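Novice: Coordinates in model-v8.cif, mmCIF, C-alpha atoms, are listed below.
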```cif
data_target
loop_
_atom_site.label_atom_id
_atom_site.label_comp_id
_atom_site.auth_asym_id
_atom_site.auth_seq_id
_atom_site.Cartn_x
_atom_site.Cartn_y
_atom_site.Cartn_z
CA MET A 10 12.42 202.48 41.36
CA ASN A 11 13.77 199.11 42.39
CA TYR A 12 17.26 197.73 42.67
CA PRO A 13 18.42 195.23 40.03
CA ASN A 14 17.47 192.14 41.96
CA GLY A 15 14.01 193.48 42.71
CA LEU A 16 14.79 194.27 46.32
CA THR A 17 13.15 197.36 47.60
CA LYS A 18 13.95 198.22 51.16
CA LYS A 19 14.48 195.21 53.31
CA VAL A 20 18.25 194.79 53.17
CA PRO A 21 20.58 195.23 54.91
CA ALA A 22 19.56 194.99 58.52
CA PRO A 23 19.43 198.41 60.18
CA VAL A 24 22.81 199.49 61.41
CA LYS A 25 23.19 200.58 65.00
CA ASN A 26 25.42 203.59 65.00
CA ASN A 27 28.71 203.13 66.70
CA THR A 28 27.97 205.27 69.74
CA SER A 29 31.59 205.43 70.82
CA PHE A 30 32.04 207.86 67.89
CA ALA A 31 35.31 206.11 67.17
CA ASN A 32 34.75 206.96 63.54
CA ARG A 33 34.26 210.65 64.09
CA GLY A 34 36.79 213.10 62.87
CA MET A 35 38.07 211.05 59.95
CA SER A 36 37.16 212.39 56.56
CA LEU A 37 34.99 210.27 54.31
CA GLU A 38 37.84 210.12 51.80
CA THR A 39 40.24 208.78 54.43
CA ASP A 40 37.69 206.23 55.57
CA ILE A 41 37.01 205.03 52.03
CA ASN A 42 40.72 204.87 51.21
CA GLU A 43 41.35 202.74 54.30
CA THR A 44 38.39 200.56 53.45
CA ASN A 45 39.74 200.05 49.93
CA MET A 46 43.18 199.19 51.30
CA PHE A 47 41.56 196.60 53.54
CA TYR A 48 39.60 195.16 50.60
CA LEU A 49 42.82 195.00 48.61
CA ALA A 50 44.87 193.43 51.41
CA THR A 51 42.21 190.77 51.99
CA ASP A 52 41.83 190.16 48.24
CA ARG A 53 38.14 191.06 48.22
CA ALA A 54 38.13 193.85 45.65
CA ILE A 55 40.49 196.10 43.69
CA ILE A 56 39.13 199.61 44.06
CA HIS A 57 41.23 202.78 44.01
CA LYS A 58 40.68 206.48 44.24
CA LYS A 59 41.81 208.23 41.09
CA PRO A 60 44.54 210.80 41.62
CA THR A 61 43.46 214.45 41.68
CA PRO A 62 43.73 215.68 38.10
CA VAL A 63 46.38 218.36 37.82
CA GLN A 64 47.52 220.42 34.85
CA ILE A 65 51.30 220.57 35.14
CA VAL A 66 52.82 223.76 33.72
CA ASN A 67 56.36 223.93 35.11
CA VAL A 68 58.77 221.34 36.45
CA ASN A 69 62.24 221.86 37.85
CA TYR A 70 64.79 219.08 37.60
CA PRO A 71 67.40 219.82 40.25
CA LYS A 72 70.62 217.82 40.15
CA ARG A 73 70.69 214.81 42.46
CA SER A 74 67.16 215.23 43.70
CA ALA A 75 63.59 214.59 42.68
CA ALA A 76 61.81 216.68 40.04
CA VAL A 77 59.76 219.49 41.59
CA ILE A 78 56.52 220.66 40.03
CA THR A 79 56.62 224.44 40.53
CA GLU A 80 53.46 225.45 38.72
CA ALA A 81 50.32 223.43 38.29
CA TYR A 82 46.55 223.90 38.43
CA PHE A 83 43.66 221.79 39.56
CA LYS A 84 41.56 220.43 36.73
CA GLN A 85 37.95 219.40 37.00
CA ALA A 86 37.55 215.64 37.06
CA SER A 87 35.58 214.26 34.13
CA THR A 88 34.54 211.10 35.92
CA THR A 89 33.82 209.92 39.45
CA ASP A 90 36.52 209.61 42.09
CA TYR A 91 36.61 205.85 42.63
CA ASN A 92 36.53 202.84 40.38
CA GLY A 93 37.61 199.25 40.28
CA LEU A 94 36.66 195.61 40.16
CA TYR A 95 34.59 193.41 42.46
CA ARG A 96 33.21 189.93 41.76
CA ASN A 97 33.73 190.34 38.00
CA LYS A 98 31.86 193.64 38.03
CA TYR A 99 33.05 197.12 37.20
CA ILE A 100 32.44 199.41 40.19
CA ASP A 101 32.30 203.20 39.89
CA PHE A 102 31.28 205.74 42.48
CA GLU A 103 31.51 209.22 43.87
CA ALA A 104 31.73 210.11 47.58
CA LYS A 105 30.50 213.33 49.16
CA GLU A 106 30.19 214.72 52.66
CA THR A 107 27.69 217.34 53.67
CA ASN A 108 27.33 219.37 56.85
CA ASN A 109 23.68 219.78 56.05
CA LYS A 110 21.40 217.74 58.34
CA THR A 111 18.20 217.69 56.34
CA SER A 112 19.22 217.19 52.72
CA PHE A 113 22.05 216.53 50.29
CA PRO A 114 22.54 219.49 47.90
CA LEU A 115 22.78 218.38 44.27
CA ALA A 116 25.29 221.18 43.65
CA ASN A 117 27.83 218.69 45.06
CA ILE A 118 27.56 216.73 41.83
CA HIS A 119 28.53 217.88 38.35
CA GLU A 120 26.58 217.32 35.18
CA HIS A 121 29.46 215.44 33.52
CA GLN A 122 29.61 213.07 36.49
CA ILE A 123 25.93 212.23 36.04
CA LYS A 124 26.58 211.68 32.34
CA HIS A 125 29.50 209.40 33.21
CA MET A 126 27.39 207.42 35.68
CA HIS A 127 24.65 206.99 33.07
CA ALA A 128 27.20 205.50 30.68
CA ILE A 129 28.51 203.16 33.38
CA VAL A 130 25.07 201.80 34.18
CA LYS A 131 24.28 201.41 30.48
CA HIS A 132 27.44 199.38 29.85
CA GLY A 133 26.88 197.01 32.74
CA GLY A 134 28.79 198.59 35.60
CA ILE A 135 27.60 199.24 39.15
CA SER A 136 27.46 202.95 39.93
CA PHE A 137 26.41 204.77 43.06
CA ILE A 138 27.16 207.63 45.39
CA ILE A 139 28.30 207.45 49.00
CA ILE A 140 26.85 210.34 51.00
CA ARG A 141 27.96 211.15 54.52
CA PHE A 142 25.92 213.44 56.74
CA THR A 143 28.84 214.58 58.84
CA GLN A 144 26.77 216.14 61.61
CA LEU A 145 24.69 212.99 61.98
CA ASN A 146 27.66 210.65 61.53
CA GLU A 147 25.64 208.58 59.07
CA THR A 148 26.88 207.33 55.72
CA TYR A 149 24.55 206.17 52.93
CA PHE A 150 24.75 204.23 49.70
CA LEU A 151 22.46 205.64 47.02
CA SER A 152 22.33 203.92 43.64
CA ALA A 153 23.05 205.96 40.51
CA GLU A 154 19.53 205.17 39.30
CA HIS A 155 17.99 206.89 42.31
CA LEU A 156 20.39 209.80 42.02
CA PHE A 157 19.38 210.27 38.35
CA THR A 158 15.74 210.70 39.36
CA TYR A 159 16.55 213.54 41.76
CA TRP A 160 19.02 215.05 39.34
CA GLU A 161 16.45 215.25 36.55
CA ASN A 162 13.64 216.45 38.82
CA GLN A 163 15.57 219.61 39.66
CA PHE A 164 15.26 220.72 36.02
CA ASN A 165 11.51 220.15 36.09
CA GLY A 166 10.79 222.43 38.98
CA GLY A 167 11.89 219.91 41.60
CA ARG A 168 14.14 220.45 44.59
CA LYS A 169 17.85 221.22 44.22
CA SER A 170 18.66 218.73 46.94
CA VAL A 171 17.78 215.21 48.03
CA PRO A 172 15.94 215.22 51.35
CA TYR A 173 17.58 213.24 54.14
CA ALA A 174 14.33 211.30 54.60
CA ASP A 175 14.40 210.22 50.94
CA ILE A 176 18.00 209.03 51.27
CA LYS A 177 16.98 207.01 54.30
CA GLN A 178 14.10 205.59 52.28
CA HIS A 179 15.81 204.84 48.95
CA GLY A 180 19.39 204.46 50.10
CA PHE A 181 21.07 202.07 52.48
CA GLN A 182 23.04 203.03 55.53
CA ILE A 183 26.57 201.72 55.19
CA PRO A 184 27.74 199.72 58.20
CA PHE A 185 30.80 200.90 60.06
CA GLN A 186 33.39 198.23 60.77
CA TYR A 187 36.72 198.65 62.41
CA GLN A 188 38.75 197.57 59.39
CA ALA A 189 36.26 198.52 56.70
CA ARG A 190 35.09 201.84 58.03
CA VAL A 191 32.74 202.38 55.10
CA ASN A 192 31.88 198.79 54.27
CA TYR A 193 30.00 199.50 51.05
CA LEU A 194 30.66 196.04 49.59
CA ALA A 195 28.20 194.70 52.17
CA ILE A 196 25.50 196.73 50.42
CA ILE A 197 26.65 195.74 46.93
CA ASP A 198 26.59 192.07 47.92
CA GLN A 199 22.96 192.33 48.86
CA LEU A 200 21.76 194.59 46.08
CA TYR A 201 23.53 193.24 43.03
CA PHE A 202 24.38 189.59 43.66
CA MET B 9 49.35 179.65 26.79
CA ASN B 10 46.00 180.26 25.16
CA TYR B 11 43.56 183.11 25.26
CA PRO B 12 40.31 182.67 27.17
CA ASN B 13 38.21 181.57 24.22
CA GLY B 14 40.82 179.06 23.09
CA LEU B 15 42.06 181.15 20.21
CA THR B 16 45.71 180.85 19.59
CA LYS B 17 47.06 182.88 16.74
CA LYS B 18 44.61 183.22 13.88
CA VAL B 19 42.90 186.51 14.71
CA PRO B 20 42.87 189.27 13.76
CA ALA B 21 43.85 189.42 10.12
CA PRO B 22 47.34 190.79 9.63
CA VAL B 23 47.36 194.53 9.59
CA LYS B 24 48.91 196.36 6.71
CA ASN B 25 50.85 199.20 8.15
CA ASN B 26 49.68 202.60 7.16
CA THR B 27 52.51 203.46 4.84
CA SER B 28 51.62 207.14 4.70
CA PHE B 29 53.05 207.26 8.22
CA ALA B 30 50.14 209.52 9.15
CA ASN B 31 50.34 208.06 12.62
CA ARG B 32 54.01 208.82 13.09
CA GLY B 33 55.09 211.42 15.52
CA MET B 34 52.13 211.07 17.87
CA SER B 35 52.93 209.55 21.22
CA LEU B 36 51.30 206.30 22.19
CA GLU B 37 49.61 208.08 25.07
CA THR B 38 48.11 210.70 22.76
CA ASP B 39 46.93 208.01 20.37
CA ILE B 40 45.30 205.98 23.13
CA ASN B 41 43.67 209.04 24.65
CA GLU B 42 42.19 209.97 21.28
CA THR B 43 41.05 206.40 20.77
CA ASN B 44 39.36 206.43 24.17
CA MET B 45 37.66 209.73 23.38
CA PHE B 46 36.37 208.21 20.16
CA TYR B 47 35.11 205.13 22.03
CA LEU B 48 33.38 207.40 24.54
CA ALA B 49 31.85 209.68 21.90
CA THR B 50 30.48 206.70 19.99
CA ASP B 51 29.25 205.05 23.20
CA ARG B 52 31.38 201.94 22.69
CA ALA B 53 33.36 201.92 25.92
CA ILE B 54 34.15 204.10 28.92
CA ILE B 55 37.90 203.97 29.35
CA HIS B 56 40.05 206.74 30.80
CA LYS B 57 43.67 207.36 31.60
CA LYS B 58 44.17 207.91 35.29
CA PRO B 59 45.66 211.29 36.16
CA THR B 60 49.37 211.35 36.96
CA PRO B 61 49.64 210.89 40.72
CA VAL B 62 51.10 213.98 42.34
CA GLN B 63 51.93 214.73 45.96
CA ILE B 64 50.81 218.30 46.49
CA VAL B 65 52.88 220.18 49.10
CA ASN B 66 52.06 223.84 48.60
CA VAL B 67 49.13 225.70 47.08
CA ASN B 68 48.66 229.45 46.67
CA TYR B 69 45.16 230.90 46.61
CA PRO B 70 45.48 234.27 44.92
CA LYS B 71 42.48 236.59 45.08
CA ARG B 72 40.22 236.48 42.05
CA SER B 73 42.12 233.76 40.27
CA ALA B 74 42.58 230.03 40.31
CA ALA B 75 44.56 228.22 42.99
CA VAL B 76 48.17 227.63 41.96
CA ILE B 77 50.07 224.56 43.06
CA THR B 78 53.58 225.86 43.74
CA GLU B 79 55.24 222.72 45.07
CA ALA B 80 54.40 219.16 44.21
CA TYR B 81 56.19 215.90 43.44
CA PHE B 82 55.54 212.98 41.16
CA LYS B 83 54.45 209.83 42.95
CA GLN B 84 54.81 206.32 41.62
CA ALA B 85 51.53 204.91 40.35
CA SER B 86 50.35 201.85 42.24
CA THR B 87 48.23 200.54 39.40
CA THR B 88 48.18 200.62 35.62
CA ASP B 89 47.50 203.79 33.64
CA TYR B 90 44.16 202.98 32.03
CA ASN B 91 40.97 201.39 33.19
CA GLY B 92 37.31 201.32 32.42
CA LEU B 93 34.30 199.40 31.23
CA TYR B 94 33.51 197.61 27.98
CA ARG B 95 30.68 195.18 27.28
CA ASN B 96 30.07 194.60 31.00
CA LYS B 97 33.74 193.85 31.58
CA TYR B 98 36.31 195.65 33.66
CA ILE B 99 39.25 196.64 31.43
CA ASP B 100 42.69 197.47 32.84
CA PHE B 101 45.92 198.05 30.98
CA GLU B 102 49.30 199.66 30.80
CA ALA B 103 50.84 201.22 27.69
CA LYS B 104 54.54 201.50 26.91
CA GLU B 105 56.66 202.68 24.04
CA THR B 106 60.16 201.45 23.35
CA ASN B 107 62.83 202.65 20.96
CA ASN B 108 64.29 199.19 21.02
CA LYS B 109 63.76 197.26 17.77
CA THR B 110 64.38 193.72 18.93
CA SER B 111 62.81 193.40 22.37
CA PHE B 112 60.68 195.06 25.02
CA PRO B 113 62.69 195.62 28.25
CA LEU B 114 60.81 194.41 31.33
CA ALA B 115 62.35 197.29 33.29
CA ASN B 116 59.49 199.34 31.79
CA ILE B 117 57.09 197.56 34.12
CA HIS B 118 57.05 197.71 37.92
CA GLU B 119 56.55 194.81 40.27
CA HIS B 120 53.45 196.40 41.85
CA GLN B 121 51.87 196.79 38.42
CA ILE B 122 52.32 193.05 37.79
CA LYS B 123 50.78 192.35 41.19
CA HIS B 124 47.87 194.63 40.33
CA MET B 125 47.35 192.91 36.96
CA HIS B 126 47.35 189.50 38.67
CA ALA B 127 44.58 190.68 40.98
CA ILE B 128 42.57 192.05 38.05
CA VAL B 129 42.72 188.77 36.16
CA LYS B 130 41.85 186.81 39.30
CA HIS B 131 38.75 188.93 39.96
CA GLY B 132 37.41 188.63 36.43
CA GLY B 133 38.81 191.69 34.66
CA ILE B 134 40.58 191.87 31.31
CA SER B 135 44.17 193.01 31.67
CA PHE B 136 46.88 193.53 29.09
CA ILE B 137 49.71 195.73 27.96
CA ILE B 138 49.93 197.79 24.80
CA ILE B 139 53.50 197.91 23.51
CA ARG B 140 54.62 200.21 20.74
CA PHE B 141 57.89 199.68 18.93
CA THR B 142 58.34 203.30 17.96
CA GLN B 143 61.11 202.70 15.42
CA LEU B 144 59.03 200.05 13.67
CA ASN B 145 55.79 201.95 14.04
CA GLU B 146 54.08 198.77 15.23
CA THR B 147 51.78 198.51 18.23
CA TYR B 148 50.93 195.24 19.95
CA PHE B 149 48.40 193.88 22.40
CA LEU B 150 49.92 191.37 24.83
CA SER B 151 47.65 189.74 27.42
CA ALA B 152 48.58 190.02 31.09
CA GLU B 153 48.84 186.23 31.23
CA HIS B 154 51.61 186.23 28.63
CA LEU B 155 53.33 189.14 30.29
CA PHE B 156 53.34 187.24 33.62
CA THR B 157 55.23 184.36 32.04
CA TYR B 158 58.04 186.61 30.84
CA TRP B 159 58.02 188.56 34.08
CA GLU B 160 58.51 185.43 36.18
CA ASN B 161 61.07 183.90 33.84
CA GLN B 162 63.45 186.81 34.42
CA PHE B 163 63.78 185.71 38.06
CA ASN B 164 64.59 182.15 37.01
CA GLY B 165 67.54 183.00 34.86
CA GLY B 166 65.45 184.10 31.90
CA ARG B 167 65.78 187.22 29.79
CA LYS B 168 65.11 190.69 31.18
CA SER B 169 63.15 191.54 28.07
CA VAL B 170 60.49 190.11 25.80
CA PRO B 171 61.88 189.45 22.31
CA TYR B 172 60.08 191.23 19.48
CA ALA B 173 59.58 187.89 17.76
CA ASP B 174 57.78 186.53 20.85
CA ILE B 175 55.50 189.56 20.96
CA LYS B 176 54.68 188.99 17.30
CA GLN B 177 53.96 185.35 18.12
CA HIS B 178 51.93 185.68 21.35
CA GLY B 179 50.57 189.18 20.96
CA PHE B 180 48.34 190.78 18.36
CA GLN B 181 49.18 193.76 16.26
CA ILE B 182 46.66 196.51 16.95
CA PRO B 183 45.07 197.91 13.83
CA PHE B 184 45.45 201.61 13.11
CA GLN B 185 42.29 203.44 12.18
CA TYR B 186 41.87 207.09 11.52
CA GLN B 187 39.49 207.71 14.43
CA ALA B 188 40.64 204.89 16.67
CA ARG B 189 44.36 205.15 16.21
CA VAL B 190 45.07 202.27 18.56
CA ASN B 191 41.93 200.23 18.05
CA TYR B 192 42.53 197.73 20.85
CA LEU B 193 38.85 196.92 21.30
CA ALA B 194 39.03 195.10 17.97
CA ILE B 195 41.46 192.68 19.62
CA ILE B 196 39.41 192.38 22.82
CA ASP B 197 36.28 191.60 20.78
CA GLN B 198 38.01 188.68 19.18
CA LEU B 199 39.89 187.36 22.19
CA TYR B 200 37.37 187.66 25.02
CA PHE B 201 33.87 187.62 23.51
#
```
Here is the file; what I need is its structure written in the form of structure tokens.
Specialist:
Amino acid sequence: MNYPNGLTKKVPAPVKNNTSFANRGMSLETDINETNMFYLATDRAIIHKKPTPVQIVNVNYPKRSAAVITEAYFKQASTTDYNGLYRNKYIDFEAKETNNKTSFPLANIHEHQIKHMHAIVKHGGISFIIIRFTQLNETYFLSAEHLFTYWENQFNGGRKSVPYADIKQHGFQIPFQYQARVNYLAIIDQLYF
Amino acid sequence: MNYPNGLTKKVPAPVKNNTSFANRGMSLETDINETNMFYLATDRAIIHKKPTPVQIVNVNYPKRSAAVITEAYFKQASTTDYNGLYRNKYIDFEAKETNNKTSFPLANIHEHQIKHMHAIVKHGGISFIIIRFTQLNETYFLSAEHLFTYWENQFNGGRKSVPYADIKQHGFQIPFQYQARVNYLAIIDQLYF
């Protein structure tokens, strides 16, 4: 499968890992949130993480202070975690970390998220997943189209995970930058524009 | 100010209000959520309300049952409530009801939401506000560009609200349909495509 502009695997230039490990210890979510804040502050893109969906059951309204939610439950998200706007395009993605070193388990993704990503691609949005191999300190961009292939294969006797080697082959390592710790727009620039 | 395709005020055809008042009593949010579900089910658009942002402070993990959030607080949203994808375009809007019959108070909107909407328009998205005059049972689409004008005027000695008559003049009444109770895509189709 090829990327929209017909590129296969020549961009971007291989990223030398930051060997100072300055980016260790931060969660992928924190890194992406900081990256998005940097994009916003520099007027490059408007991309936000959606709030965690919560079913609120009870709220107390104490006098002279803020309302306190005293009973609530986590709800399953029906979409991906991040979306927004970049260069006139709708952007939509999920981000997942794994401690696994040899593959990314598909159990990290839900069926309704795949369905959502299919709809996004169909309606002209850019959809992908950011996968971090925490132990390797490597973060990859894998297009929704590639993810779909692995997702469907698992129901036809295929593996229940995406091998690390395949992610290296079909995905793109996301460069680390001081201010844009997960600089995924660099990949989007090369793949979609 | 004109809409992107140069239309001024001839579309859409005036909407006869549903005099059965079948749509009374439902909140604007409920109506928009149902409309979005209908759009999603019919594969027209992928537009969701963002979850209410909540700062979670305490969570209990009882054995054999779901985690319970026992202390949390409402946070102010930094963006608008709704966003998504329609016909390759990024869509972003806020929705507000007012009991006022003669104007829409600008106090319903926050400064950071206006800033967000400015960024959306600048980067090629479609941004607007849906305003319902609950007492009149009328719901309007007002483009972000028009909203900006009123927003800025208030700091130059202008009114702190948008008169109902101005909304009728510069906005578009959103047709009510049984399955798409706030059929705002009908307005977007005519204004932006």
Novice: Could you write out as a PyMOL selection string the residues of chain B within 10 Å of chain A, counting all atoms listed in the file?
Specialist: chain B and resi 48+51-54+56-67+74-82+85-87+91-100+124+127-134
Novice: Separation of atom CA of Asn192 of chain A and atom CA of Ile41 of chain A, in Å?
Specialist: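 Distance between the two atoms: 8.4 Å.
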Novice: Given 6 Å of margin on each side, can you work out the centre and size in Å (one decimal) of an axis-aligned box holding every listed atom of segment 84-93 of chain A, as AutoDock Vina command-line options?
Specialist:
```
--center_x 37.7 --center_y 209.8 --center_z 38.4 --size_x 19.7 --size_y 33.2 --size_z 20.5
```
Novice: For the provided coordinates, the residues matched by the PyMOL selection byres ((chain B and resi 105) around 10) should be stated as a ChimeraX atom specification.
Specialist: /B:35-37,103-104,106-108,112,116,138-143,146-147
Novice: Find the residue from B:Gln162, B:Ser135, B:Asn44, B:Gln84 that sits nearest to Tyr200 of chain B; use only C-alpha atoms when measuring.
Specialist: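 Between B:Gln162, B:Ser135, B:Asn44, B:Gln84, the residue approaching Tyr200 of chain B most closely is B:Ser135.
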Novice: Can you measure atom CA of Gly167 of chain A to atom CA of Leu145 of chain A for me? One decimal in Å is fine.
Specialist: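 Atom-to-atom, atom CA of Gly167 of chain A to atom CA of Leu145 of chain A, that is 25.0 Å.
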Novice: Tell me, in Å to one decimal, how far atom CA of Ser112 of chain A is from atom CA of Pro184 of chain A.
Specialist: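 Computing the Euclidean distance for atom CA of Ser112 of chain A and atom CA of Pro184 of chain A yields 20.2 Å.
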Novice: Identify all residues satisfying the PyMOL selection byres ((chain B and resi 122) around 12) in the given file; provide them as a VMD selection string.
Specialist: chain B and resid 86 to 88 100 to 102 114 to 121 123 to 129 135 to 137 151 to 160
Novice: Next, the residues of the selection above should be written as a PDB file, in the frame of the given file with C-alpha atoms.
Specialist:
```
ATOM      1  CA  SER B  86      50.350 201.850  42.240  1.00  0.00           C
ATOM      2  CA  THR B  87      48.230 200.540  39.400  1.00  0.00           C
ATOM      3  CA  THR B  88      48.180 200.620  35.620  1.00  0.00           C
ATOM      4  CA  ASP B 100      42.690 197.470  32.840  1.00  0.00           C
ATOM      5  CA  PHE B 101      45.920 198.050  30.980  1.00  0.00           C
ATOM      6  CA  GLU B 102      49.300 199.660  30.800  1.00  0.00           C
ATOM      7  CA  LEU B 114      60.810 194.410  31.330  1.00  0.00           C
ATOM      8  CA  ALA B 115      62.350 197.290  33.290  1.00  0.00           C
ATOM      9  CA  ASN B 116      59.490 199.340  31.790  1.00  0.00           C
ATOM     10  CA  ILE B 117      57.090 197.560  34.120  1.00  0.00           C
ATOM     11  CA  HIS B 118      57.050 197.710  37.920  1.00  0.00           C
ATOM     12  CA  GLU B 119      56.550 194.810  40.270  1.00  0.00           C
ATOM     13  CA  HIS B 120      53.450 196.400  41.850  1.00  0.00           C
ATOM     14  CA  GLN B 121      51.870 196.790  38.420  1.00  0.00           C
ATOM     15  CA  LYS B 123      50.780 192.350  41.190  1.00  0.00           C
ATOM     16  CA  HIS B 124      47.870 194.630  40.330  1.00  0.00           C
ATOM     17  CA  MET B 125      47.350 192.910  36.960  1.00  0.00           C
ATOM     18  CA  HIS B 126      47.350 189.500  38.670  1.00  0.00           C
ATOM     19  CA  ALA B 127      44.580 190.680  40.980  1.00  0.00           C
ATOM     20  CA  ILE B 128      42.570 192.050  38.050  1.00  0.00           C
ATOM     21  CA  VAL B 129      42.720 188.770  36.160  1.00  0.00           C
ATOM     22  CA  SER B 135      44.170 193.010  31.670  1.00  0.00           C
ATOM     23  CA  PHE B 136      46.880 193.530  29.090  1.00  0.00           C
ATOM     24  CA  ILE B 137      49.710 195.730  27.960  1.00  0.00           C
ATOM     25  CA  SER B 151      47.650 189.740  27.420  1.00  0.00           C
ATOM     26  CA  ALA B 152      48.580 190.020  31.090  1.00  0.00           C
ATOM     27  CA  GLU B 153      48.840 186.230  31.230  1.00  0.00           C
ATOM     28  CA  HIS B 154      51.610 186.230  28.630  1.00  0.00           C
ATOM     29  CA  LEU B 155      53.330 189.140  30.290  1.00  0.00           C
ATOM     30  CA  PHE B 156      53.340 187.240  33.620  1.00  0.00           C
ATOM     31  CA  THR B 157      55.230 184.360  32.040  1.00  0.00           C
ATOM     32  CA  TYR B 158      58.040 186.610  30.840  1.00  0.00           C
ATOM     33  CA  TRP B 159      58.020 188.560  34.080  1.00  0.00           C
ATOM     34  CA  GLU B 160      58.510 185.430  36.180  1.00  0.00           C
TER      35      GLU B 160
END
```
Novice: Would you please work out which residue, of A:Leu151, A:Glu43, A:Tyr70, A:Met35, is nearest to Asp175 of chain A when using all atoms listed in the file?
Specialist: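 Using all atoms listed in the file, the shortest distance to Asp175 of chain A belongs to A:Leu151.
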Novice: Run through the PyMOL selection byres ((chain A and resi 193) around 10) on the given coordinates and return the selected residues as an MDAnalysis selection string.
Specialist: chainID A and resid 41 44:45 139 148:150 181:185 189:192 194:198
Novice: Since the input is missing atoms for segment 169-174 of chain B, could you rebuild it with all heavy atoms and give the result as a short mmCIF file (atom, residue, chain, number, x, y, z; two decimals), in the coordinates of the input?
Specialist:
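Contents of the output file part30.cif:
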```cif
data_model
loop_
_atom_site.label_atom_id
_atom_site.label_comp_id
_atom_site.auth_asym_id
_atom_site.auth_seq_id
_atom_site.Cartn_x
_atom_site.Cartn_y
_atom_site.Cartn_z
N SER B 169 63.96 190.86 29.07
CA SER B 169 63.15 191.54 28.07
C SER B 169 62.33 190.52 27.29
O SER B 169 62.63 189.33 27.31
CB SER B 169 64.05 192.34 27.12
OG SER B 169 64.90 191.45 26.42
N VAL B 170 61.30 190.99 26.64
CA VAL B 170 60.49 190.11 25.80
C VAL B 170 60.91 190.33 24.35
O VAL B 170 60.78 191.44 23.83
CB VAL B 170 58.98 190.42 25.92
CG1 VAL B 170 58.15 189.36 25.21
CG2 VAL B 170 58.56 190.55 27.38
N PRO B 171 61.43 189.29 23.70
CA PRO B 171 61.88 189.45 22.31
C PRO B 171 60.73 189.90 21.41
O PRO B 171 59.59 189.46 21.58
CB PRO B 171 62.35 188.05 21.91
CG PRO B 171 62.62 187.35 23.20
CD PRO B 171 61.66 187.92 24.19
N TYR B 172 61.06 190.75 20.46
CA TYR B 172 60.08 191.23 19.48
C TYR B 172 59.39 190.06 18.79
O TYR B 172 58.16 190.06 18.62
CB TYR B 172 60.82 192.10 18.46
CG TYR B 172 60.04 192.47 17.24
CD1 TYR B 172 59.01 193.41 17.32
CD2 TYR B 172 60.32 191.90 15.99
CE1 TYR B 172 58.28 193.77 16.19
CE2 TYR B 172 59.60 192.25 14.86
CZ TYR B 172 58.58 193.17 14.96
OH TYR B 172 57.86 193.52 13.84
N ALA B 173 60.15 189.05 18.47
CA ALA B 173 59.58 187.89 17.76
C ALA B 173 58.52 187.20 18.62
O ALA B 173 57.50 186.73 18.12
CB ALA B 173 60.68 186.90 17.38
N ASP B 174 58.76 187.15 19.94
CA ASP B 174 57.78 186.53 20.85
C ASP B 174 56.50 187.37 20.94
O ASP B 174 55.39 186.84 21.05
CB ASP B 174 58.37 186.38 22.26
CG ASP B 174 59.44 185.31 22.33
OD1 ASP B 174 60.05 185.01 21.28
OD2 ASP B 174 59.66 184.76 23.42
#
```
